[in-house]
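What follows is run.txt (compact mmCIF, C-alpha atoms and all ligand atoms).
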```txt
# COMPACT_ATOMS: atom_id res chain seq x y z
CA MET A 1 4.97 102.86 -53.34
CA ARG A 2 4.40 106.41 -52.15
CA LEU A 3 7.29 107.54 -54.28
CA PHE A 4 5.74 105.79 -57.26
CA HIS A 5 2.35 107.45 -56.78
CA SER A 6 3.76 110.91 -56.21
CA ARG A 7 5.90 110.47 -59.32
CA VAL A 8 2.93 109.47 -61.40
CA ALA A 9 0.93 112.41 -60.12
CA ARG A 10 3.82 114.70 -60.80
CA VAL A 11 4.23 113.50 -64.36
CA ALA A 12 0.51 113.56 -65.07
CA GLY A 13 0.22 117.01 -63.53
CA SER A 14 3.02 118.21 -65.74
CA THR A 15 1.23 117.27 -68.92
CA LEU A 16 -0.59 120.52 -69.38
CA ALA A 17 2.37 122.63 -68.41
CA ALA A 18 4.61 120.68 -70.76
CA ALA A 19 2.18 121.07 -73.64
CA THR A 20 1.91 124.81 -73.02
CA LEU A 21 5.62 125.35 -72.71
CA VAL A 22 6.68 123.32 -75.69
CA SER A 23 4.02 124.64 -78.03
CA THR A 24 5.80 127.97 -78.11
CA HIS A 25 8.51 126.30 -80.19
CA VAL A 26 6.18 125.30 -82.99
CA GLY A 27 6.61 127.40 -86.06
CA ALA A 28 9.50 129.29 -84.48
CA ALA A 29 12.84 129.18 -86.22
CA ALA A 30 15.18 126.52 -84.87
CA PRO A 31 18.06 127.87 -82.80
CA ALA A 32 21.12 128.67 -84.86
CA HIS A 33 23.12 125.55 -84.03
CA ARG A 34 25.93 124.87 -86.42
CA SER A 35 25.72 121.24 -87.24
CA ALA A 36 29.31 120.52 -86.19
CA LEU A 37 28.33 121.72 -82.74
CA ALA A 38 24.89 120.16 -82.69
CA GLY A 39 24.06 118.78 -79.29
CA LEU A 40 26.84 120.63 -77.52
CA ALA A 41 26.54 124.38 -77.78
CA GLY A 42 23.47 126.37 -76.84
CA PRO A 43 21.79 128.82 -79.22
CA ARG A 44 24.24 131.32 -80.73
CA GLY A 45 27.17 129.55 -79.15
CA GLY A 46 25.93 130.30 -75.63
CA PRO A 47 26.30 127.89 -72.72
CA ALA A 48 25.22 124.36 -73.55
CA ALA A 49 21.79 123.33 -72.30
CA ASP A 50 21.59 119.97 -70.56
CA PRO A 51 21.43 117.22 -73.17
CA LEU A 52 18.63 114.68 -73.14
CA ARG A 53 20.76 112.00 -71.50
CA THR A 54 21.59 114.19 -68.51
CA LEU A 55 17.97 115.12 -67.94
CA ALA A 56 16.84 111.52 -68.41
CA ALA A 57 19.45 110.27 -65.93
CA ARG A 58 17.89 112.50 -63.28
CA VAL A 59 14.65 110.59 -63.64
CA GLY A 60 16.22 107.14 -63.84
CA LEU A 61 15.60 106.72 -67.55
CA ARG A 62 17.87 105.82 -70.45
CA ILE A 63 17.34 107.85 -73.58
CA GLY A 64 18.46 106.04 -76.70
CA THR A 65 18.76 106.22 -80.44
CA ALA A 66 19.16 103.84 -83.34
CA VAL A 67 22.57 104.35 -84.91
CA SER A 68 23.64 103.95 -88.51
CA THR A 69 27.18 102.62 -88.37
CA ASP A 70 28.00 104.16 -91.79
CA SER A 71 27.03 107.61 -90.53
CA LEU A 72 28.92 107.02 -87.31
CA ARG A 73 32.05 106.31 -89.33
CA GLN A 74 31.71 109.12 -91.85
CA ASP A 75 29.95 111.99 -90.18
CA ARG A 76 31.47 113.96 -87.33
CA ALA A 77 28.35 115.96 -86.47
CA TYR A 78 26.36 112.73 -86.31
CA ARG A 79 28.92 111.23 -83.93
CA ARG A 80 28.78 114.28 -81.71
CA VAL A 81 25.02 114.25 -81.33
CA THR A 82 24.99 110.49 -80.72
CA ALA A 83 27.53 110.85 -77.94
CA ALA A 84 26.20 114.05 -76.40
CA GLN A 85 22.47 113.38 -76.30
CA PHE A 86 21.95 109.66 -75.77
CA SER A 87 22.75 107.13 -73.03
CA SER A 88 21.71 104.05 -75.00
CA VAL A 89 22.37 103.02 -78.60
CA THR A 90 20.75 100.42 -80.83
CA PRO A 91 22.42 99.39 -84.09
CA GLU A 92 19.90 100.25 -86.79
CA ASN A 93 21.09 97.41 -89.03
CA ALA A 94 24.57 96.29 -87.97
CA MET A 95 23.48 93.39 -85.74
CA LYS A 96 20.84 92.01 -88.09
CA TRP A 97 21.50 88.53 -89.44
CA GLU A 98 22.20 89.65 -93.02
CA SER A 99 24.80 92.08 -91.64
CA VAL A 100 26.63 89.72 -89.29
CA GLU A 101 26.62 86.52 -91.35
CA PRO A 102 26.27 87.32 -95.07
CA THR A 103 28.04 84.05 -95.89
CA ARG A 104 27.24 80.98 -93.86
CA GLY A 105 29.77 80.48 -91.09
CA THR A 106 31.69 83.71 -91.78
CA TYR A 107 30.90 86.41 -89.28
CA THR A 108 31.35 90.11 -90.00
CA TRP A 109 31.20 91.78 -86.61
CA ASP A 110 33.29 94.86 -87.48
CA ASP A 111 30.55 97.48 -87.75
CA ALA A 112 28.73 96.24 -84.69
CA ASP A 113 31.97 96.00 -82.70
CA ARG A 114 32.81 99.58 -83.60
CA LEU A 115 29.45 100.74 -82.31
CA VAL A 116 29.89 98.77 -79.10
CA ASP A 117 33.33 100.38 -78.63
CA PHE A 118 31.86 103.81 -79.32
CA ALA A 119 29.17 103.16 -76.72
CA ARG A 120 31.68 102.11 -74.11
CA ALA A 121 33.84 105.19 -74.78
CA ASN A 122 30.78 107.38 -74.30
CA ARG A 123 29.32 105.57 -71.28
CA GLN A 124 26.32 104.31 -73.21
CA VAL A 125 24.55 100.97 -72.98
CA VAL A 126 23.80 98.92 -76.09
CA ARG A 127 20.44 97.40 -77.02
CA GLY A 128 21.16 94.47 -79.32
CA HIS A 129 18.79 94.28 -82.26
CA THR A 130 17.75 91.65 -83.29
CA LEU A 131 18.21 87.86 -83.13
CA VAL A 132 15.05 86.24 -84.53
CA TRP A 133 13.13 88.09 -87.23
CA HIS A 134 11.51 87.28 -90.56
CA SER A 135 13.24 90.20 -92.32
CA GLN A 136 16.80 91.13 -93.31
CA LEU A 137 17.86 87.49 -93.32
CA PRO A 138 20.92 86.48 -95.38
CA GLY A 139 20.35 85.11 -98.88
CA TRP A 140 22.02 81.78 -98.08
CA LEU A 141 19.33 81.18 -95.46
CA THR A 142 16.26 82.17 -97.46
CA SER A 143 17.20 80.88 -100.91
CA ARG A 144 16.70 77.18 -100.23
CA GLU A 145 14.56 74.77 -98.24
CA TRP A 146 15.79 73.36 -94.93
CA SER A 147 14.51 70.52 -92.81
CA ALA A 148 13.09 71.45 -89.39
CA ALA A 149 16.12 69.89 -87.69
CA GLU A 150 18.54 71.87 -89.87
CA LEU A 151 16.72 75.14 -89.34
CA ARG A 152 16.54 74.66 -85.60
CA GLU A 153 20.27 74.06 -85.49
CA ILE A 154 20.94 77.10 -87.71
CA LEU A 155 18.88 79.30 -85.39
CA ARG A 156 20.47 77.89 -82.24
CA THR A 157 23.95 78.46 -83.65
CA HIS A 158 23.11 82.00 -84.74
CA ILE A 159 21.73 83.03 -81.36
CA THR A 160 24.49 81.32 -79.40
CA ASP A 161 27.33 82.73 -81.50
CA GLN A 162 25.97 86.26 -81.66
CA VAL A 163 25.03 86.59 -77.99
CA SER A 164 28.34 85.00 -76.95
CA HIS A 165 30.29 87.39 -79.16
CA PHE A 166 28.74 90.40 -77.42
CA ALA A 167 28.42 88.87 -73.95
CA GLY A 168 28.96 91.46 -71.24
CA ARG A 169 28.87 94.27 -73.83
CA VAL A 170 25.18 94.30 -74.79
CA ARG A 171 22.80 95.27 -72.00
CA ALA A 172 19.57 94.06 -73.58
CA TRP A 173 18.64 91.97 -76.62
CA ASP A 174 15.57 92.15 -78.80
CA VAL A 175 15.59 88.37 -78.96
CA VAL A 176 12.41 88.04 -81.02
CA ASN A 177 11.17 90.81 -83.29
CA GLU A 178 7.70 91.12 -84.84
CA ALA A 179 6.40 87.56 -84.39
CA PHE A 180 2.70 88.54 -84.51
CA GLU A 181 0.18 89.66 -87.10
CA GLU A 182 -2.17 92.57 -86.41
CA ASP A 183 -5.03 90.24 -85.45
CA GLY A 184 -2.93 88.47 -82.83
CA ARG A 185 -2.10 85.32 -84.78
CA LEU A 186 1.52 84.28 -84.96
CA ARG A 187 3.17 85.57 -88.11
CA ASP A 188 3.59 83.03 -90.88
CA SER A 189 7.40 83.17 -91.01
CA ILE A 190 10.18 80.79 -91.97
CA TRP A 191 10.52 80.06 -88.24
CA LEU A 192 6.89 79.33 -87.47
CA ARG A 193 6.44 77.19 -90.58
CA ALA A 194 9.40 74.94 -89.86
CA LEU A 195 9.62 74.94 -86.08
CA GLY A 196 6.12 75.74 -84.79
CA PRO A 197 5.48 78.16 -81.92
CA GLY A 198 8.11 76.47 -79.75
CA TYR A 199 10.83 78.49 -81.48
CA LEU A 200 9.89 81.47 -79.30
CA ALA A 201 10.76 79.81 -75.98
CA ASP A 202 13.83 78.17 -77.51
CA ALA A 203 15.17 81.52 -78.69
CA PHE A 204 14.99 83.05 -75.22
CA ARG A 205 16.53 79.97 -73.60
CA TRP A 206 19.46 79.88 -76.03
CA ALA A 207 20.09 83.61 -75.61
CA HIS A 208 20.05 83.27 -71.84
CA GLU A 209 22.52 80.40 -71.92
CA ALA A 210 24.93 82.49 -74.00
CA ASP A 211 24.76 85.57 -71.72
CA PRO A 212 22.86 85.12 -68.45
CA ASP A 213 23.28 88.82 -67.63
CA ALA A 214 21.68 90.28 -70.76
CA ARG A 215 18.08 91.50 -70.45
CA LEU A 216 15.99 89.59 -72.96
CA TYR A 217 13.12 91.32 -74.77
CA TYR A 218 10.25 90.57 -77.05
CA ASN A 219 9.92 93.56 -79.45
CA ASP A 220 7.12 94.55 -81.85
CA TYR A 221 5.22 97.44 -83.49
CA ASN A 222 1.57 98.34 -82.98
CA ILE A 223 1.62 96.87 -79.50
CA GLU A 224 1.91 100.23 -77.72
CA GLY A 225 -1.83 100.39 -77.05
CA VAL A 226 -4.32 97.80 -75.85
CA GLY A 227 -5.59 95.72 -78.80
CA PRO A 228 -5.61 92.23 -80.30
CA LYS A 229 -1.90 92.28 -81.10
CA SER A 230 -0.72 93.49 -77.70
CA ASP A 231 -3.19 91.06 -76.06
CA ALA A 232 -1.49 88.23 -77.96
CA VAL A 233 1.96 89.43 -76.90
CA TYR A 234 0.70 89.69 -73.33
CA ASP A 235 -0.59 86.10 -73.43
CA LEU A 236 2.70 84.91 -74.92
CA VAL A 237 4.99 86.53 -72.36
CA ALA A 238 2.71 85.59 -69.47
CA ARG A 239 2.84 81.96 -70.60
CA LEU A 240 6.59 82.04 -71.18
CA ARG A 241 7.20 83.45 -67.72
CA ALA A 242 4.86 80.91 -66.13
CA ASP A 243 6.94 78.22 -67.87
CA GLY A 244 10.18 79.68 -66.53
CA VAL A 245 11.39 80.95 -69.91
CA PRO A 246 13.83 83.86 -69.42
CA VAL A 247 11.91 86.71 -71.08
CA GLU A 248 12.49 89.91 -69.11
CA GLY A 249 11.14 92.77 -71.16
CA VAL A 250 8.77 93.91 -73.85
CA GLY A 251 9.81 96.56 -76.37
CA MET A 252 7.20 98.79 -77.92
CA GLN A 253 8.63 100.04 -81.21
CA THR A 254 6.33 103.12 -81.27
CA HIS A 255 6.50 104.02 -84.94
CA LEU A 256 3.71 106.61 -84.91
CA ASP A 257 2.00 108.64 -87.64
CA THR A 258 0.39 112.04 -87.05
CA GLN A 259 -2.60 110.94 -89.15
CA LEU A 260 -3.36 107.93 -86.99
CA PRO A 261 -4.77 107.98 -83.46
CA PHE A 262 -2.34 107.81 -80.55
CA PRO A 263 -2.18 104.21 -79.21
CA THR A 264 -5.19 103.27 -77.10
CA ARG A 265 -4.58 103.31 -73.35
CA MET A 266 -0.83 103.10 -73.75
CA ARG A 267 -0.08 103.63 -70.07
CA GLN A 268 -2.43 100.84 -68.95
CA ASN A 269 -0.91 98.63 -71.60
CA LEU A 270 2.66 99.17 -70.46
CA GLN A 271 1.57 98.78 -66.86
CA ARG A 272 0.01 95.37 -67.44
CA PHE A 273 3.32 94.09 -68.84
CA ALA A 274 5.15 95.66 -65.90
CA ASP A 275 2.73 93.92 -63.54
CA LEU A 276 3.95 90.59 -64.93
CA GLY A 277 7.37 91.51 -63.54
CA LEU A 278 8.74 92.63 -66.91
CA ASP A 279 10.66 95.72 -67.91
CA VAL A 280 9.12 97.69 -70.74
CA ALA A 281 10.79 100.08 -73.16
CA VAL A 282 9.98 102.39 -76.02
CA THR A 283 12.46 100.98 -78.51
CA GLU A 284 12.04 102.68 -81.92
CA ALA A 285 10.08 105.89 -81.52
CA ASP A 286 9.46 108.14 -84.49
CA VAL A 287 6.44 110.12 -85.63
CA ARG A 288 6.06 110.44 -89.38
CA ILE A 289 4.29 113.24 -91.16
CA THR A 290 2.62 113.16 -94.57
CA LEU A 291 4.57 115.63 -96.72
CA PRO A 292 4.56 118.52 -97.19
CA VAL A 293 4.90 119.35 -93.51
CA ASP A 294 2.42 121.87 -92.12
CA PRO A 295 2.31 123.46 -88.66
CA THR A 296 -0.71 121.45 -87.50
CA GLU A 297 1.09 118.22 -88.27
CA GLN A 298 4.19 119.48 -86.49
CA LEU A 299 2.12 120.18 -83.42
CA ALA A 300 0.60 116.70 -83.58
CA GLN A 301 4.07 115.23 -83.94
CA GLU A 302 5.39 117.07 -80.93
CA ALA A 303 2.38 115.94 -78.89
CA ALA A 304 2.86 112.29 -79.89
CA TYR A 305 6.57 112.23 -79.02
CA THR A 306 5.77 113.91 -75.71
CA ARG A 307 2.84 111.68 -74.80
CA ALA A 308 4.85 108.55 -75.43
CA LEU A 309 7.59 109.86 -73.15
CA GLN A 310 5.05 110.85 -70.47
CA VAL A 311 3.65 107.32 -70.55
CA CYS A 312 7.12 105.87 -70.11
CA LEU A 313 7.81 108.26 -67.24
CA ALA A 314 4.57 107.24 -65.55
CA VAL A 315 5.38 103.51 -65.61
CA ARG A 316 8.12 102.66 -63.17
CA ARG A 317 9.31 99.63 -65.14
CA CYS A 318 9.68 101.64 -68.35
CA VAL A 319 13.47 101.70 -68.43
CA SER A 320 14.30 103.40 -71.71
CA TYR A 321 12.95 105.63 -74.43
CA THR A 322 14.77 105.09 -77.71
CA VAL A 323 14.16 107.04 -80.92
CA TRP A 324 14.71 105.33 -84.27
CA GLY A 325 17.40 107.72 -85.48
CA PHE A 326 17.69 111.43 -84.81
CA GLY A 327 18.10 113.30 -88.08
CA ASP A 328 15.61 113.53 -90.93
CA ALA A 329 18.42 112.99 -93.44
CA TYR A 330 19.18 109.60 -91.85
CA SER A 331 15.66 108.35 -91.15
CA TRP A 332 14.27 105.12 -92.61
CA VAL A 333 10.79 106.70 -92.96
CA PRO A 334 11.03 108.24 -96.47
CA ASP A 335 12.28 104.89 -97.82
CA ALA A 336 9.63 102.84 -96.09
CA PHE A 337 6.50 105.04 -96.31
CA ALA A 338 5.57 106.80 -99.56
CA CYS A 339 5.19 110.59 -99.22
CA GLN A 340 6.02 110.59 -95.51
CA GLY A 341 8.98 112.00 -93.65
CA SER A 342 10.19 114.65 -91.21
CA ALA A 343 9.79 111.97 -88.56
CA THR A 344 12.73 112.57 -86.21
CA LEU A 345 13.93 115.01 -83.55
CA TYR A 346 16.47 116.80 -85.79
CA ASP A 347 16.13 118.34 -89.24
CA GLU A 348 18.21 117.51 -92.31
CA GLN A 349 21.04 119.78 -91.11
CA LEU A 350 21.02 118.17 -87.67
CA ARG A 351 19.37 121.13 -86.01
CA PRO A 352 17.04 120.11 -83.18
CA LYS A 353 13.34 120.53 -83.96
CA ALA A 354 10.31 121.25 -81.80
CA PRO A 355 9.87 117.64 -80.58
CA TYR A 356 13.46 117.64 -79.33
CA PHE A 357 12.70 120.66 -77.14
CA ALA A 358 9.42 119.08 -76.08
CA LEU A 359 11.20 115.96 -74.84
CA ARG A 360 13.74 118.06 -73.02
CA ARG A 361 11.06 120.11 -71.31
CA THR A 362 9.12 116.99 -70.36
CA LEU A 363 12.21 115.45 -68.75
CA GLN A 364 12.92 118.68 -66.91
CA LEU A 365 9.40 118.80 -65.54
CA ALA A 366 9.49 115.16 -64.53
CA ALA A 367 12.76 115.50 -62.64
CA GLY A 368 11.18 116.73 -59.44
CA GLY A 369 9.20 113.64 -58.64
CA ARG A 370 10.72 110.57 -60.09
CA ARG A 371 12.11 107.21 -59.20
CA THR A 372 15.57 106.05 -58.37
CA ALA A 373 15.62 102.81 -60.40
CA GLY A 374 17.36 102.83 -63.78
CA GLY A 375 18.02 100.17 -66.37
CA ALA A 376 18.61 99.26 -70.00
C1 LIG B 1 14.74 99.37 -90.49
C2 LIG B 1 15.97 100.24 -90.70
O1 LIG B 1 15.76 101.48 -90.10
C3 LIG B 1 16.25 100.40 -92.18
O2 LIG B 1 17.49 101.06 -92.38
C4 LIG B 1 16.28 99.03 -92.88
O3 LIG B 1 16.42 99.21 -94.27
C5 LIG B 1 15.01 98.26 -92.59
O4 LIG B 1 14.83 98.15 -91.18
N1 LIG B 1 11.21 97.69 -87.18
C6 LIG B 1 12.44 97.23 -86.78
C7 LIG B 1 13.68 97.81 -87.35
O5 LIG B 1 12.50 96.40 -85.86
O6 LIG B 1 14.72 96.88 -87.42
C8 LIG B 1 13.43 98.41 -88.70
O7 LIG B 1 14.62 99.09 -89.11
C9 LIG B 1 12.26 99.37 -88.65
C10 LIG B 1 11.00 98.63 -88.23
```
Could the structure of this file be written out as structure tokens, please?
Ligand code: XIL
Amino acid sequence: MRLFHSRVARVAGSTLAAATLVSTHVGAAAPAHRSALAGLAGPRGGPAADPLRTLAARVGLRIGTAVSTDSLRQDRAYRRVTAAQFSSVTPENAMKWESVEPTRGTYTWDDADRLVDFARANRQVVRGHTLVWHSQLPGWLTSREWSAAELREILRTHITDQVSHFAGRVRAWDVVNEAFEEDGRLRDSIWLRALGPGYLADAFRWAHEADPDARLYYNDYNIEGVGPKSDAVYDLVARLRADGVPVEGVGMQTHLDTQLPFPTRMRQNLQRFADLGLDVAVTEADVRITLPVDPTEQLAQEAAYTRALQVCLAVRRCVSYTVWGFGDAYSWVPDAFACQGSATLYDEQLRPKAPYFALRRTLQLAAGGRRTAGGA
């Protein structure tokens, strides 16, 4: 306990220093990394600075990224950064239902398997994403009506087959993704309509049966701070745990926007989940900017990335901090949010940007006082 408190004090005390140190990068030209060497060489080919994963390991944290399997296959610089900087990978799309079972009963695991092999070769853990969601479902599933019994069997088969396929190779699963509305009601999805709220407990039980060693998460956006949605998630996971359902973590996606307030009381929010005996994780961090980018927005972006990491560092059960991709050329943001972009740690040429250096500095500062426990 003393270790925990001194670590928290250390991290909190570092906040000001971190902000001061990292702000010197804003507006300065990025170091002259050649993209083929991105993540390995230091500025001007000098000695390599410690990558994020090395610094994070010193404080018992996994640092992760979402990975596009197409880019991993085609782009050498992208592969290098993925391997050099991160100790956890999440398939951005390759494990979603429409990717793994585009035709009923015919599984297409190739892309996901390649990523899992890449992770093993680079001593990375894999966060599996995602088993039960309302989005990116295959056409065969959404294009007709099913009875409740049929749909329950389809879901059970999907979870069982997918978790079994990756058993022992995926550290943690986002079993259920985005089941709530902003006001805390359950989302009106194909699953809720046919199966009622019981599908949530069933999903965790089926996943656990298929791989008892995988850490099973509930994952959502806009639950980073205290509010009606995170209250509803809290009530759900508290009830599931009281009923003996094997939910073991809550993932906070952490898709932030420089024009919106930072999540309300994020540290207290993560801590209350931790106090239920759950792991917590930042699972999809990015901070989007309304284009064109200006220096004030860049500063706000750097602060938001840093604050989210500081919160994770201050909560002992926060086991990983994953960014949702690491290069602006690969980010989902411009496709999903009109007139927004520049949301990741690296620019379009895969040169690290100010928030990358801010995260590195924050990890360096935290290293003196932190925990020994690590995780997915
Ligand atoms: C996004 C991917 O990044 C895009 O490539 C895809 O077109 C749509 O999905 N919350 C999630 C992720 O849980 O799966 C989403 O990923 C981003 C929001």
* Atomic distance CA of Glu224 (chain A) - CA of Phe337 (chain A), expressed in Å with one decimal ->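 Interatomic distance here is 19.7 Å.
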* **Surroundings of ligand LIG 1 (chain B) up to 10 Å, based on all atoms listed in the file, as JSON, numbers by chain** => {"A": [66, 67, 68, 90, 91, 92, 93, 94, 95, 96, 129, 130, 133, 135, 136, 174, 176, 177, 178, 219, 220, 221, 251, 252, 253, 254, 255, 283, 284, 285, 324, 325, 330, 331, 332, 333, 335, 336]}
Glu101 (chain A) surroundings by all atoms listed in the file, 10 Å radius, close-in-sequence under 5 positions cut, as an mmCIF file with C-alpha atoms, keeping the file's coordinate frame:
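Saved to result34.cif:
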```cif
data_model
loop_
_atom_site.group_PDB
_atom_site.id
_atom_site.type_symbol
_atom_site.label_atom_id
_atom_site.label_comp_id
_atom_site.auth_asym_id
_atom_site.auth_seq_id
_atom_site.Cartn_x
_atom_site.Cartn_y
_atom_site.Cartn_z
ATOM 1 C CA MET A 95 23.480 93.390 -85.740
ATOM 2 C CA LYS A 96 20.840 92.010 -88.090
ATOM 3 C CA THR A 106 31.690 83.710 -91.780
ATOM 4 C CA TYR A 107 30.900 86.410 -89.280
ATOM 5 C CA THR A 108 31.350 90.110 -90.000
ATOM 6 C CA TRP A 109 31.200 91.780 -86.610
ATOM 7 C CA LEU A 137 17.860 87.490 -93.320
ATOM 8 C CA PRO A 138 20.920 86.480 -95.380
ATOM 9 C CA GLY A 139 20.350 85.110 -98.880
ATOM 10 C CA TRP A 140 22.020 81.780 -98.080
ATOM 11 C CA LEU A 141 19.330 81.180 -95.460
ATOM 12 C CA HIS A 158 23.110 82.000 -84.740
ATOM 13 C CA GLN A 162 25.970 86.260 -81.660
#
```
* **A:Leu309, A:Val175, A:Ala57, A:Val81 ranked by distance to Pro352 (chain A), top pick (using only C-alpha atoms)** =>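 Residue with the minimum atom-to-atom distance to Pro352 (chain A): A:Val81.
You will find CA of Pro261 (chain A) at 23.3 Å from CA of Ala179 (chain A).
Between Leu299 (chain A) and the residues A:Arg187, A:Arg265, A:Arg316, A:Lys353, the shortest atom-to-atom distance, using all atoms listed in the file, involves A:Lys353.
Coordinates place CA of Cys339 (chain A) at a distance of 22.3 Å from CA of Pro263 (chain A).
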Would you be able to write out as a PDB file with C-alpha atoms, in the coordinates of the input which residues have an atom within 10 Å of (20.6, 78.3, -81.6) in the file's coordinates, counting all atoms listed in the file?
```
ATOM      1  CA  LEU A 131      18.210  87.860 -83.130  1.00  0.00           C
ATOM      2  CA  LEU A 151      16.720  75.140 -89.340  1.00  0.00           C
ATOM      3  CA  ARG A 152      16.540  74.660 -85.600  1.00  0.00           C
ATOM      4  CA  GLU A 153      20.270  74.060 -85.490  1.00  0.00           C
ATOM      5  CA  ILE A 154      20.940  77.100 -87.710  1.00  0.00           C
ATOM      6  CA  LEU A 155      18.880  79.300 -85.390  1.00  0.00           C
ATOM      7  CA  ARG A 156      20.470  77.890 -82.240  1.00  0.00           C
ATOM      8  CA  THR A 157      23.950  78.460 -83.650  1.00  0.00           C
ATOM      9  CA  HIS A 158      23.110  82.000 -84.740  1.00  0.00           C
ATOM     10  CA  ILE A 159      21.730  83.030 -81.360  1.00  0.00           C
ATOM     11  CA  THR A 160      24.490  81.320 -79.400  1.00  0.00           C
ATOM     12  CA  ASP A 161      27.330  82.730 -81.500  1.00  0.00           C
ATOM     13  CA  GLN A 162      25.970  86.260 -81.660  1.00  0.00           C
ATOM     14  CA  TYR A 199      10.830  78.490 -81.480  1.00  0.00           C
ATOM     15  CA  ASP A 202      13.830  78.170 -77.510  1.00  0.00           C
ATOM     16  CA  ALA A 203      15.170  81.520 -78.690  1.00  0.00           C
ATOM     17  CA  PHE A 204      14.990  83.050 -75.220  1.00  0.00           C
ATOM     18  CA  ARG A 205      16.530  79.970 -73.600  1.00  0.00           C
ATOM     19  CA  TRP A 206      19.460  79.880 -76.030  1.00  0.00           C
ATOM     20  CA  ALA A 207      20.090  83.610 -75.610  1.00  0.00           C
ATOM     21  CA  ALA A 210      24.930  82.490 -74.000  1.00  0.00           C
TER      22      ALA A 210
END
```
* Considering all atoms listed in the file, return as a PyMOL selection string whatever protein or nucleic-acid residues lie within 6 Å of Gln340 (chain A), sequence-local ones (same chain, fewer than 4 positions apart) excluded. => chain A and resi 289-291+334
If you keep C-alpha atoms, can you produce a file of those selected residues as a PDB file, keeping the file's coordinate frame?
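Saved the output as part.pdb:
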```pdb
ATOM      1  CA  ILE A 289       4.290 113.240 -91.160  1.00  0.00           C
ATOM      2  CA  THR A 290       2.620 113.160 -94.570  1.00  0.00           C
ATOM      3  CA  LEU A 291       4.570 115.630 -96.720  1.00  0.00           C
ATOM      4  CA  PRO A 334      11.030 108.240 -96.470  1.00  0.00           C
TER       5      PRO A 334
END
```
* Find, counting all atoms listed in the file, the residue in A:Pro212, A:Phe86, A:Ala77, A:Glu248 that gets nearest to Leu55 (chain A). => A:Phe86
Draw an axis-aligned box tight on the listed atoms of region 72-89 of chain A, then pad every side by 6 Å and write out centre and edge lengths in Å to one decimal as AutoDock Vina command-line options.
```
--center_x 26.9 --center_y 109.5 --center_z -82.4 --size_x 22.3 --size_y 24.9 --size_z 30.8
```
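Residues with any atom within 9 Å of Val233 (chain A), counting all atoms listed in the file and excluding same-chain neighbours fewer than 6 positions away, are A:Ala179, A:Phe180, A:Gly184, A:Tyr218, A:Asp220, A:Ile223, A:Val250.
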Output for the residues just chosen: C-alpha atoms as a PDB file, in the frame of the given file:
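Full text of part-v7.pdb as output:
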```pdb
ATOM      1  CA  ALA A 179       6.400  87.560 -84.390  1.00  0.00           C
ATOM      2  CA  PHE A 180       2.700  88.540 -84.510  1.00  0.00           C
ATOM      3  CA  GLY A 184      -2.930  88.470 -82.830  1.00  0.00           C
ATOM      4  CA  TYR A 218      10.250  90.570 -77.050  1.00  0.00           C
ATOM      5  CA  ASP A 220       7.120  94.550 -81.850  1.00  0.00           C
ATOM      6  CA  ILE A 223       1.620  96.870 -79.500  1.00  0.00           C
ATOM      7  CA  VAL A 250       8.770  93.910 -73.850  1.00  0.00           C
TER       8      VAL A 250
END
```
* To do: Between A:Gln349, A:Ser88, A:Gln364, A:Ser143, single out the one closest to Asp75 (chain A), counting only C-alpha atoms.
  => A:Gln349
Coordinates of region 245-254 of chain A, N, CA and C atoms, as an mmCIF file, in the first residue's frame:
```cif
data_model
loop_
_atom_site.group_PDB
_atom_site.id
_atom_site.type_symbol
_atom_site.label_atom_id
_atom_site.label_comp_id
_atom_site.auth_asym_id
_atom_site.auth_seq_id
_atom_site.Cartn_x
_atom_site.Cartn_y
_atom_site.Cartn_z
ATOM 1 N N VAL A 245 -20.241 -13.940 -12.831
ATOM 2 C CA VAL A 245 -19.955 -13.921 -14.279
ATOM 3 C C VAL A 245 -18.498 -13.479 -14.479
ATOM 4 N N PRO A 246 -17.756 -14.167 -15.338
ATOM 5 C CA PRO A 246 -16.307 -13.907 -15.445
ATOM 6 C C PRO A 246 -15.948 -12.658 -16.254
ATOM 7 N N VAL A 247 -16.331 -11.486 -15.761
ATOM 8 C CA VAL A 247 -15.846 -10.235 -16.359
ATOM 9 C C VAL A 247 -14.673 -9.761 -15.509
ATOM 10 N N GLU A 248 -13.567 -9.427 -16.159
ATOM 11 C CA GLU A 248 -12.338 -9.147 -15.400
ATOM 12 C C GLU A 248 -11.724 -7.797 -15.690
ATOM 13 N N GLY A 249 -12.308 -7.062 -16.617
ATOM 14 C CA GLY A 249 -11.734 -5.754 -16.925
ATOM 15 C C GLY A 249 -12.720 -4.846 -17.628
ATOM 16 N N VAL A 250 -12.427 -3.557 -17.542
ATOM 17 C CA VAL A 250 -13.212 -2.568 -18.278
ATOM 18 C C VAL A 250 -12.249 -1.729 -19.114
ATOM 19 N N GLY A 251 -12.549 -1.649 -20.415
ATOM 20 C CA GLY A 251 -11.725 -0.869 -21.334
ATOM 21 C C GLY A 251 -12.380 0.475 -21.601
ATOM 22 N N MET A 252 -11.577 1.507 -21.438
ATOM 23 C CA MET A 252 -12.038 2.866 -21.729
ATOM 24 C C MET A 252 -11.451 3.228 -23.092
ATOM 25 N N GLN A 253 -12.273 3.361 -24.107
ATOM 26 C CA GLN A 253 -11.723 3.599 -25.443
ATOM 27 C C GLN A 253 -10.878 4.876 -25.488
ATOM 28 N N THR A 254 -11.408 5.990 -24.910
ATOM 29 C CA THR A 254 -10.626 7.236 -24.823
ATOM 30 C C THR A 254 -10.366 7.881 -26.192
#
```
